[in-house]
file target27.txt (compact mmCIF, C-alpha atoms)
# COMPACT_ATOMS: atom_id res chain seq x y z
CA MET A 1 0.00 0.00 0.00
CA ASP A 2 1.50 3.36 -1.03
CA SER A 3 0.06 5.09 2.02
CA LEU A 4 1.82 2.64 4.34
CA ASN A 5 5.15 3.40 2.64
CA ASP A 6 4.45 7.15 2.76
CA PHE A 7 3.67 6.93 6.47
CA GLY A 8 6.83 4.91 7.17
CA GLU A 9 9.02 7.35 5.26
CA ARG A 10 7.56 10.38 7.04
CA LYS A 11 7.90 8.65 10.43
CA THR A 12 11.57 7.75 9.87
CA ASP A 13 14.28 10.05 11.18
CA THR A 14 17.05 9.46 8.64
CA SER A 15 19.56 11.31 10.82
CA PHE A 16 19.51 8.23 13.09
CA SER A 17 18.86 5.40 10.64
CA ASN A 18 17.87 4.75 7.05
CA LYS A 19 15.70 1.83 8.15
CA ILE A 20 12.08 2.77 7.46
CA GLN A 21 9.98 2.81 10.62
CA GLY A 22 6.91 0.65 10.41
CA VAL A 23 3.42 0.87 11.75
CA GLU A 24 3.62 -0.43 15.29
CA MET A 25 0.12 -0.13 16.70
CA PRO A 26 -3.21 -1.35 15.27
CA ALA A 27 -4.63 2.20 15.51
CA GLN A 28 -1.77 3.47 13.34
CA SER A 29 -2.45 0.77 10.77
CA ARG A 30 -6.18 1.55 10.82
CA TYR A 31 -5.58 5.28 10.28
CA VAL A 32 -3.09 4.64 7.49
CA GLY A 33 -5.84 2.53 5.91
CA TYR A 34 -8.29 5.40 6.39
CA PHE A 35 -5.82 7.77 4.74
CA ASP A 36 -5.46 5.35 1.84
CA ILE A 37 -9.25 5.31 1.37
CA VAL A 38 -9.44 9.13 1.41
CA LYS A 39 -6.52 9.40 -1.02
CA ASN A 40 -7.24 6.58 -3.46
CA VAL A 41 -10.97 5.86 -3.22
CA LEU A 42 -12.51 9.18 -2.24
CA ASN A 43 -10.12 11.28 -4.36
CA TRP A 44 -8.94 13.41 -1.41
CA GLU A 45 -12.50 14.16 -0.30
CA MET A 46 -13.40 13.55 3.33
CA PRO A 47 -15.99 10.81 3.81
CA VAL A 48 -19.59 11.78 4.35
CA LYS A 49 -20.09 12.42 8.04
CA LYS A 50 -21.87 9.48 9.64
CA THR A 51 -22.89 8.79 13.17
CA PHE A 52 -22.14 5.53 14.89
CA LYS A 53 -23.67 4.16 18.08
CA ILE A 54 -21.89 1.51 20.14
CA ARG A 55 -24.40 -1.08 21.27
CA LYS A 56 -22.07 -3.92 22.13
CA ILE A 57 -18.37 -4.41 22.84
CA VAL A 58 -16.94 -7.92 22.80
CA ILE A 59 -13.50 -8.70 24.18
CA TYR A 60 -12.18 -12.05 23.04
CA SER A 61 -9.68 -14.04 25.14
CA ILE A 62 -10.71 -12.25 28.33
CA GLN A 63 -9.13 -14.85 30.61
CA GLY A 64 -6.08 -13.33 32.27
CA VAL A 65 -7.28 -9.75 31.74
CA GLY A 66 -8.00 -8.28 35.18
CA GLU A 67 -10.50 -10.53 36.93
CA GLY A 68 -10.78 -12.54 33.72
CA ASN A 69 -14.51 -11.94 33.23
CA GLY A 70 -14.76 -8.25 32.27
CA ALA A 71 -16.60 -7.22 35.45
CA ASP A 72 -13.71 -5.06 36.65
CA LEU A 73 -13.23 -3.16 33.40
CA LYS A 74 -14.21 0.45 32.95
CA ILE A 75 -14.68 1.54 29.34
CA GLU A 76 -14.62 5.23 28.47
CA ILE A 77 -15.93 6.40 25.11
CA ILE A 78 -14.30 9.70 24.19
CA MET A 79 -15.13 12.14 21.43
CA GLN A 80 -13.57 15.57 20.90
CA HIS A 81 -11.42 15.06 24.03
CA LYS A 82 -14.49 14.58 26.25
CA THR A 83 -15.79 11.40 27.83
CA VAL A 84 -19.29 10.99 26.40
CA PHE A 85 -20.11 7.63 27.97
CA THR A 86 -18.61 5.42 30.67
CA CYS A 87 -19.37 1.72 30.71
CA THR A 88 -19.01 -0.15 34.01
CA ARG A 89 -20.95 -3.05 35.48
CA GLN A 90 -23.25 -0.39 36.97
CA THR A 91 -24.04 1.28 33.62
CA CYS A 92 -23.71 -1.65 31.18
CA THR A 93 -24.64 -5.30 31.23
CA VAL A 94 -21.49 -7.41 31.36
CA VAL A 95 -21.84 -11.04 30.28
CA HIS A 96 -18.97 -13.47 30.74
CA ASP A 97 -19.20 -16.28 28.19
CA ILE A 98 -16.93 -18.90 29.75
CA ASP A 99 -17.28 -21.34 26.84
CA THR A 100 -15.94 -18.88 24.28
CA ASN A 101 -13.68 -16.93 26.68
CA ARG A 102 -15.38 -13.61 25.92
CA ALA A 103 -16.67 -10.65 27.85
CA ILE A 104 -19.67 -9.01 26.22
CA PHE A 105 -20.64 -5.48 27.22
CA LEU A 106 -24.15 -4.45 26.26
CA VAL A 107 -24.07 -0.66 26.03
CA PRO A 108 -27.38 1.10 26.63
CA ASN A 109 -27.90 4.76 25.80
CA CYS A 110 -24.60 5.35 24.03
CA PRO A 111 -24.78 8.75 22.38
CA ASP A 112 -24.32 9.14 18.66
CA LEU A 113 -20.62 9.15 17.85
CA CYS A 114 -18.97 10.85 14.92
CA ASP A 115 -15.51 11.66 13.61
CA ASP A 116 -12.60 10.33 15.70
CA VAL A 117 -13.62 8.20 18.66
CA LYS A 118 -11.32 6.86 21.35
CA VAL A 119 -12.27 3.90 23.53
CA LYS A 120 -10.20 3.45 26.71
CA PHE A 121 -10.17 0.32 28.88
CA SER A 122 -8.96 0.45 32.48
CA SER A 123 -9.15 -1.58 35.66
CA LEU A 124 -7.75 -1.39 39.17
CA LYS A 125 -6.52 -4.96 38.52
CA LEU A 126 -4.45 -3.98 35.46
CA PRO A 127 -1.45 -1.71 35.07
CA ASN A 128 -2.51 1.62 33.60
CA TYR A 129 0.54 2.95 31.81
CA TYR A 130 0.08 5.07 28.71
CA ASP A 131 -2.82 7.53 28.79
CA ASP A 132 -3.83 6.29 32.26
CA CYS A 133 -5.40 3.09 30.93
CA ALA A 134 -4.56 -0.56 30.29
CA PHE A 135 -5.30 -0.33 26.56
CA PHE A 136 -7.21 1.84 24.11
CA MET A 137 -8.19 2.11 20.48
CA TRP A 138 -9.25 4.76 18.03
CA PHE A 139 -11.60 4.61 15.08
CA HIS A 140 -13.27 7.07 12.73
CA ALA A 141 -17.06 6.74 12.74
CA SER A 142 -17.47 7.64 9.06
CA LEU A 143 -15.18 4.82 8.01
CA ALA A 144 -16.72 2.00 10.06
CA GLU A 145 -18.17 -0.47 7.57
CA ARG A 146 -21.66 -1.89 7.96
CA ASN A 147 -21.88 -0.34 11.43
CA ARG A 148 -19.31 -2.85 12.68
CA LEU A 149 -15.77 -2.51 13.84
CA TYR A 150 -13.69 -5.61 14.46
CA LEU A 151 -10.26 -5.03 15.95
CA THR A 152 -7.53 -7.60 16.41
call {"tool": "encode", "arguments": {"input": "target27.txt", "output": "structure tokens"}}
result
Amino acid sequence: MDSLNDFGERKTDTSFSNKIQGVEMPAQSRYVGYFDIVKNVLNWEMPVKKTFKIRKIVIYSIQGVGEGNGADLKIEIIMQHKTVFTCTRQTCTVVHDIDTNRAIFLVPNCPDLCDDVKVKFSSLKLPNYYDDCAFFMWFHASLAERNRLYLT
């Protein structure tokens, strides 16, 4: 993908090394893919603004993450640098599917999301290093396909 090469070249500081820096985080890869769509599919036009509503979050391979059932996780949904919804076992239904090793969060009353959205996961049982959370992800609401977002 040309965009991936462009990103790597711009990210590389050639005063230290000529080795092209790669995309290290899934969010970086996702946004390079978004850029590629805007550049090559949409002809440099921004996508039509769409809203997206999170109804369910599924975490696969939950065993070993905090309590191992999702009950201890706090999920913050952030838009325009503001938390617009917080999902805890008090505000969301958390289902632990032992057979498939998943935690399923049913999210009621999530506001409409648009543009860049950040989802932060934290727990008192997990180390919270970068950005005061255990892990996080970004997505752009207008580029979510079929109202689904599957992250690996």
call {"tool": "closest_atom_pairs", "arguments": {"input": "target27.txt", "of": "segment 16-102 of chain A", "to": "segment 130-151 of chain A", "cutoff": "10 Å", "atoms": "only C-alpha atoms", "output": "JSON lines"}}
result
{"residue": "A:Met25", "atom": "CA", "partner": "A:Met137", "partner_atom": "CA", "distance": 9.4}
{"residue": "A:Pro26", "atom": "CA", "partner": "A:Leu151", "partner_atom": "CA", "distance": 8.0}
{"residue": "A:Ala27", "atom": "CA", "partner": "A:Trp138", "partner_atom": "CA", "distance": 5.9}
{"residue": "A:Gln28", "atom": "CA", "partner": "A:Trp138", "partner_atom": "CA", "distance": 8.9}
{"residue": "A:Arg30", "atom": "CA", "partner": "A:Phe139", "partner_atom": "CA", "distance": 7.5}
{"residue": "A:Tyr31", "atom": "CA", "partner": "A:Phe139", "partner_atom": "CA", "distance": 7.7}
{"residue": "A:Gly33", "atom": "CA", "partner": "A:Leu143", "partner_atom": "CA", "distance": 9.8}
{"residue": "A:Tyr34", "atom": "CA", "partner": "A:Leu143", "partner_atom": "CA", "distance": 7.1}
{"residue": "A:Ile37", "atom": "CA", "partner": "A:Leu143", "partner_atom": "CA", "distance": 8.9}
{"residue": "A:Val38", "atom": "CA", "partner": "A:Leu143", "partner_atom": "CA", "distance": 9.8}
{"residue": "A:Met46", "atom": "CA", "partner": "A:Ser142", "partner_atom": "CA", "distance": 9.2}
{"residue": "A:Pro47", "atom": "CA", "partner": "A:Ser142", "partner_atom": "CA", "distance": 6.3}
{"residue": "A:Val48", "atom": "CA", "partner": "A:Ser142", "partner_atom": "CA", "distance": 6.6}
{"residue": "A:Lys49", "atom": "CA", "partner": "A:Ser142", "partner_atom": "CA", "distance": 5.5}
{"residue": "A:Lys50", "atom": "CA", "partner": "A:Ser142", "partner_atom": "CA", "distance": 4.8}
{"residue": "A:Thr51", "atom": "CA", "partner": "A:Ala141", "partner_atom": "CA", "distance": 6.2}
{"residue": "A:Phe52", "atom": "CA", "partner": "A:Ala141", "partner_atom": "CA", "distance": 5.6}
{"residue": "A:Lys53", "atom": "CA", "partner": "A:Asn147", "partner_atom": "CA", "distance": 8.2}
{"residue": "A:Ile54", "atom": "CA", "partner": "A:Asn147", "partner_atom": "CA", "distance": 8.9}
{"residue": "A:Lys56", "atom": "CA", "partner": "A:Arg148", "partner_atom": "CA", "distance": 9.9}
{"residue": "A:Ile57", "atom": "CA", "partner": "A:Leu149", "partner_atom": "CA", "distance": 9.6}
{"residue": "A:Val58", "atom": "CA", "partner": "A:Tyr150", "partner_atom": "CA", "distance": 9.2}
{"residue": "A:Ile59", "atom": "CA", "partner": "A:Leu151", "partner_atom": "CA", "distance": 9.6}
{"residue": "A:Val65", "atom": "CA", "partner": "A:Ala134", "partner_atom": "CA", "distance": 9.7}
{"residue": "A:Gly66", "atom": "CA", "partner": "A:Ala134", "partner_atom": "CA", "distance": 9.8}
{"residue": "A:Leu73", "atom": "CA", "partner": "A:Ala134", "partner_atom": "CA", "distance": 9.6}
{"residue": "A:Lys74", "atom": "CA", "partner": "A:Cys133", "partner_atom": "CA", "distance": 9.4}
{"residue": "A:Ile75", "atom": "CA", "partner": "A:Phe136", "partner_atom": "CA", "distance": 9.1}
{"residue": "A:Glu76", "atom": "CA", "partner": "A:Phe136", "partner_atom": "CA", "distance": 9.2}
{"residue": "A:Ile77", "atom": "CA", "partner": "A:Trp138", "partner_atom": "CA", "distance": 9.9}
{"residue": "A:Ile78", "atom": "CA", "partner": "A:Trp138", "partner_atom": "CA", "distance": 9.4}
call {"tool": "write_last_selection", "arguments": {"input": "target27.txt", "atoms": "C-alpha atoms", "output": "PDB file, in the coordinates of the input"}}
result
ATOM      1  CA  MET A  25       0.120  -0.130  16.700  1.00  0.00           C
ATOM      2  CA  PRO A  26      -3.210  -1.350  15.270  1.00  0.00           C
ATOM      3  CA  ALA A  27      -4.630   2.200  15.510  1.00  0.00           C
ATOM      4  CA  GLN A  28      -1.770   3.470  13.340  1.00  0.00           C
ATOM      5  CA  ARG A  30      -6.180   1.550  10.820  1.00  0.00           C
ATOM      6  CA  TYR A  31      -5.580   5.280  10.280  1.00  0.00           C
ATOM      7  CA  GLY A  33      -5.840   2.530   5.910  1.00  0.00           C
ATOM      8  CA  TYR A  34      -8.290   5.400   6.390  1.00  0.00           C
ATOM      9  CA  ILE A  37      -9.250   5.310   1.370  1.00  0.00           C
ATOM     10  CA  VAL A  38      -9.440   9.130   1.410  1.00  0.00           C
ATOM     11  CA  MET A  46     -13.400  13.550   3.330  1.00  0.00           C
ATOM     12  CA  PRO A  47     -15.990  10.810   3.810  1.00  0.00           C
ATOM     13  CA  VAL A  48     -19.590  11.780   4.350  1.00  0.00           C
ATOM     14  CA  LYS A  49     -20.090  12.420   8.040  1.00  0.00           C
ATOM     15  CA  LYS A  50     -21.870   9.480   9.640  1.00  0.00           C
ATOM     16  CA  THR A  51     -22.890   8.790  13.170  1.00  0.00           C
ATOM     17  CA  PHE A  52     -22.140   5.530  14.890  1.00  0.00           C
ATOM     18  CA  LYS A  53     -23.670   4.160  18.080  1.00  0.00           C
ATOM     19  CA  ILE A  54     -21.890   1.510  20.140  1.00  0.00           C
ATOM     20  CA  LYS A  56     -22.070  -3.920  22.130  1.00  0.00           C
ATOM     21  CA  ILE A  57     -18.370  -4.410  22.840  1.00  0.00           C
ATOM     22  CA  VAL A  58     -16.940  -7.920  22.800  1.00  0.00           C
ATOM     23  CA  ILE A  59     -13.500  -8.700  24.180  1.00  0.00           C
ATOM     24  CA  VAL A  65      -7.280  -9.750  31.740  1.00  0.00           C
ATOM     25  CA  GLY A  66      -8.000  -8.280  35.180  1.00  0.00           C
ATOM     26  CA  LEU A  73     -13.230  -3.160  33.400  1.00  0.00           C
ATOM     27  CA  LYS A  74     -14.210   0.450  32.950  1.00  0.00           C
ATOM     28  CA  ILE A  75     -14.680   1.540  29.340  1.00  0.00           C
ATOM     29  CA  GLU A  76     -14.620   5.230  28.470  1.00  0.00           C
ATOM     30  CA  ILE A  77     -15.930   6.400  25.110  1.00  0.00           C
ATOM     31  CA  ILE A  78     -14.300   9.700  24.190  1.00  0.00           C
TER      32      ILE A  78
END
call {"tool": "residues_near_point", "arguments": {"input": "target27.txt", "point": "(-23.8, 2.6, 28.7)", "cutoff": "6 Å", "atoms": "only C-alpha atoms", "output": "list in words"}}
result
Cys87, Thr91, Cys92, Val107, Pro108, Asn109 and Cys110 of chain A
call {"tool": "atom_distance", "arguments": {"input": "target27.txt", "atom1": "atom CA of Asp116 of chain A", "atom2": "atom CA of Ser29 of chain A"}}
result
14.8 Å
call {"tool": "closest_residue", "arguments": {"input": "target27.txt", "among": "A:Leu126, A:Leu113, A:Ile98, A:Leu106", "to": "Ser61 of chain A", "atoms": "only C-alpha atoms"}}
result
A:Ile98
call {"tool": "axis_aligned_box", "arguments": {"input": "target27.txt", "around": "segment 68-71 of chain A", "padding_each_side": "6 Å", "output": "AutoDock Vina command-line options"}}
result
--center_x -13.7 --center_y -9.9 --center_z 33.9 --size_x 17.8 --size_y 17.3 --size_z 15.2
call {"tool": "residues_around", "arguments": {"input": "target27.txt", "residues": "segment 79-82 of chain A", "least_positions_apart": "5", "cutoff": "10 Å", "atoms": "only C-alpha atoms", "output": "NGL selection string"}}
result
:A and (113-119)
call {"tool": "atom_distance", "arguments": {"input": "target27.txt", "atom1": "atom CA of Pro111 of chain A", "atom2": "atom CA of Asn69 of chain A"}}
result
25.5 Å
call {"tool": "atom_distance", "arguments": {"input": "target27.txt", "atom1": "atom CA of Gln63 of chain A", "atom2": "atom CA of Asn101 of chain A"}}
result
6.4 Å
call {"tool": "closest_residue", "arguments": {"input": "target27.txt", "among": "A:Ile62, A:Ala71, A:Ile104, A:Val84", "to": "Ser123 of chain A", "atoms": "all atoms listed in the file"}}
result
A:Ala71
call {"tool": "closest_residue", "arguments": {"input": "target27.txt", "among": "A:Glu45, A:Thr88, A:Glu67, A:Val94", "to": "Phe121 of chain A", "atoms": "all atoms listed in the file"}}
result
A:Thr88
call {"tool": "closest_residue", "arguments": {"input": "target27.txt", "among": "A:Lys120, A:Arg89, A:Arg55, A:Lys125", "to": "Gly68 of chain A", "atoms": "all atoms listed in the file"}}
result
A:Lys125
call {"tool": "closest_residue", "arguments": {"input": "target27.txt", "among": "A:Asp112, A:Tyr60, A:Gly70, A:Tyr129", "to": "Thr100 of chain A", "atoms": "all atoms listed in the file"}}
result
A:Tyr60
call {"tool": "closest_residue", "arguments": {"input": "target27.txt", "among": "A:Ser122, A:Val41, A:Asp72, A:Arg102", "to": "Gln90 of chain A", "atoms": "all atoms listed in the file"}}
result
A:Asp72
